[in-house]
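Asks: Mind looking over this structure? Questions follow.
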Amino acid sequence: HEGFPFKHWALFVENEKHPSKSFICNVQGDAGRFRYEQTYKNAHTSTTLVDIIHVGYVLSSNLKALRDVAENIPIQNNDPAWNCQDFAWALLEELAATGLVDPDDEAYKNGRKTVWSKMEGL
C-alpha cells in the first residue's frame with residue numbers, strides 16, 4: 001500500500017493442483033480497527049505483490065485447521081503499533097506450534113528467518 005508506513009503482509013496458501021482453491025489469510029483495516037479476512041485468491045495474480053516467501057507445506061487434510069488457527073489469532077486493536085505484519089508473524093509461529101507446518105523443515109526455518117528480517121518497525 002503506497003503511502004502506508006508498512007508493507008502489507010498476508011499468509012498465502014497456494015493450492016498448486018487447483019489454483020482457484022488458493023487462499024489468503026490476513027488482517028485488513030487501520031491501527032485499532034483491524035479485522036480478520038480470508039479470501040480465495042491467487043497471490044500470483046496480484047498487481048501489488050512484492051514478494052512471496054515460502055515457509056512450508058500444509059497437508060490438504062489440515063487446511064480447515066489452518067483456517068481455524070488463522071481466524072483465532074488475537075487481533076491486538078488495543079496496541080497502536082500492532083499491524084498485519086504482527087498478525088502474519090503470530091500466525092506463522094502458531095502454525096509451527098500446532099504442528100500444521102513442520103518447524104524442523106528447512107523451508108520453514110529459512111522462510112521464518114527471511115520473514116523476520118523483513119519485519120518493519122522492529
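Chain labels A, B, ... are given in the sequence in which chains occur in the C-alpha cells; within each chain residues are numbered consecutively from 1, and ligands are likewise numbered from 1 in the order shown.
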Write out as a PyMOL selection string all residues of range 34-108 of chain A that DSSP puts in strand (DSSP E or B) for this structure's backbone.

Replies: chain A and resi 35-40

Asks: The selected residues should be written to file as a PDB file, in the first residue's frame (atoms: C-alpha atoms).

Replies:
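The resulting part39.pdb:
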ATOM      1  CA  ARG A  35     -10.346  -7.371  11.292  1.00  0.00           C
ATOM      2  CA  TYR A  36      -9.558 -10.878  10.096  1.00  0.00           C
ATOM      3  CA  GLU A  37     -10.206 -11.664   6.458  1.00  0.00           C
ATOM      4  CA  GLN A  38      -9.816 -14.799   4.371  1.00  0.00           C
ATOM      5  CA  THR A  39     -10.302 -14.670   0.620  1.00  0.00           C
ATOM      6  CA  TYR A  40      -9.979 -17.244  -2.132  1.00  0.00           C
TER       7      TYR A  40
END

Asks: For Val58 in chain A, work out the shell of residues within 10 Å, counting only C-alpha atoms and skipping chain neighbours fewer than 5 positions away, then give it as a PDB file with C-alpha atoms, in the first residue's frame.

Replies:
ATOM      1  CA  VAL A  13      -1.861 -20.779   0.939  1.00  0.00           C
ATOM      2  CA  GLU A  14      -1.210 -21.996  -2.571  1.00  0.00           C
ATOM      3  CA  ASN A  15      -3.021 -24.987  -3.997  1.00  0.00           C
ATOM      4  CA  LEU A  63      -6.462 -26.735   5.589  1.00  0.00           C
ATOM      5  CA  ALA A  65      -7.406 -26.437  10.858  1.00  0.00           C
ATOM      6  CA  LEU A  66      -5.109 -23.807   9.310  1.00  0.00           C
ATOM      7  CA  LEU A  95       1.185 -22.946  12.620  1.00  0.00           C
ATOM      8  CA  GLY A  99       2.274 -28.855  14.007  1.00  0.00           C
ATOM      9  CA  LEU A 100       0.415 -27.675  10.916  1.00  0.00           C
ATOM     10  CA  VAL A 101       3.798 -26.804   9.432  1.00  0.00           C
ATOM     11  CA  ASP A 102       6.956 -28.662  10.403  1.00  0.00           C
TER      12      ASP A 102
END

Asks: Nearest to Asp79 in chain A among A:Phe6, A:Lys17, A:Asp30, A:Cys25, with distances taken over only C-alpha atoms: which residue is it?

Replies: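 Of A:Phe6, A:Lys17, A:Asp30, A:Cys25, the one nearest Asp79 in chain A is A:Asp30, counting only C-alpha atoms.
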
Asks: Give me, as an MDAnalysis selection string, the residues of range 53-85 of chain A that a backbone DSSP run labels helix (DSSP H, G or I).

Replies: chainID A and resid 60:71 84:85

Asks: Output N, CA and C atoms for every residue in the selection just made, as a tab-separated table (two decimals), in the first residue's frame.

Replies:
chain	number	residue	atom	x	y	z
A	60	SER	N	-3.33	-31.09	2.67
A	60	SER	CA	-4.67	-30.63	2.30
A	60	SER	C	-5.70	-31.01	3.36
A	61	SER	N	-5.47	-32.10	4.07
A	61	SER	CA	-6.39	-32.52	5.13
A	61	SER	C	-6.34	-31.58	6.34
A	62	ASN	N	-5.33	-30.70	6.39
A	62	ASN	CA	-5.19	-29.77	7.51
A	62	ASN	C	-5.59	-28.34	7.17
A	63	LEU	N	-6.15	-28.11	5.99
A	63	LEU	CA	-6.46	-26.74	5.59
A	63	LEU	C	-7.55	-26.10	6.45
A	64	LYS	N	-8.55	-26.87	6.85
A	64	LYS	CA	-9.58	-26.30	7.73
A	64	LYS	C	-8.96	-25.91	9.07
A	65	ALA	N	-8.08	-26.75	9.60
A	65	ALA	CA	-7.41	-26.44	10.86
A	65	ALA	C	-6.56	-25.17	10.70
A	66	LEU	N	-5.90	-25.02	9.56
A	66	LEU	CA	-5.11	-23.81	9.31
A	66	LEU	C	-6.02	-22.58	9.33
A	67	ARG	N	-7.17	-22.67	8.65
A	67	ARG	CA	-8.10	-21.54	8.63
A	67	ARG	C	-8.58	-21.21	10.05
A	68	ASP	N	-8.86	-22.25	10.84
A	68	ASP	CA	-9.30	-22.04	12.22
A	68	ASP	C	-8.23	-21.35	13.05
A	69	VAL	N	-6.98	-21.79	12.90
A	69	VAL	CA	-5.87	-21.17	13.62
A	69	VAL	C	-5.76	-19.70	13.22
A	70	ALA	N	-5.80	-19.43	11.92
A	70	ALA	CA	-5.68	-18.05	11.44
A	70	ALA	C	-6.80	-17.17	11.99
A	71	GLU	N	-8.00	-17.69	11.97
A	71	GLU	CA	-9.16	-16.91	12.43
A	71	GLU	C	-9.09	-16.62	13.93
A	84	CYS	N	-0.56	-5.79	10.36
A	84	CYS	CA	-0.67	-7.03	9.59
A	84	CYS	C	0.60	-7.87	9.63
A	85	GLN	N	1.76	-7.23	9.79
A	85	GLN	CA	3.00	-7.98	9.89
A	85	GLN	C	3.04	-8.78	11.19

Asks: What separation in Å, quoted to one decimal, exists between CA of Lys109 in chain A and CA of Glu94 in chain A?

Replies: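 CA of Lys109 in chain A sits 14.0 Å away from CA of Glu94 in chain A.
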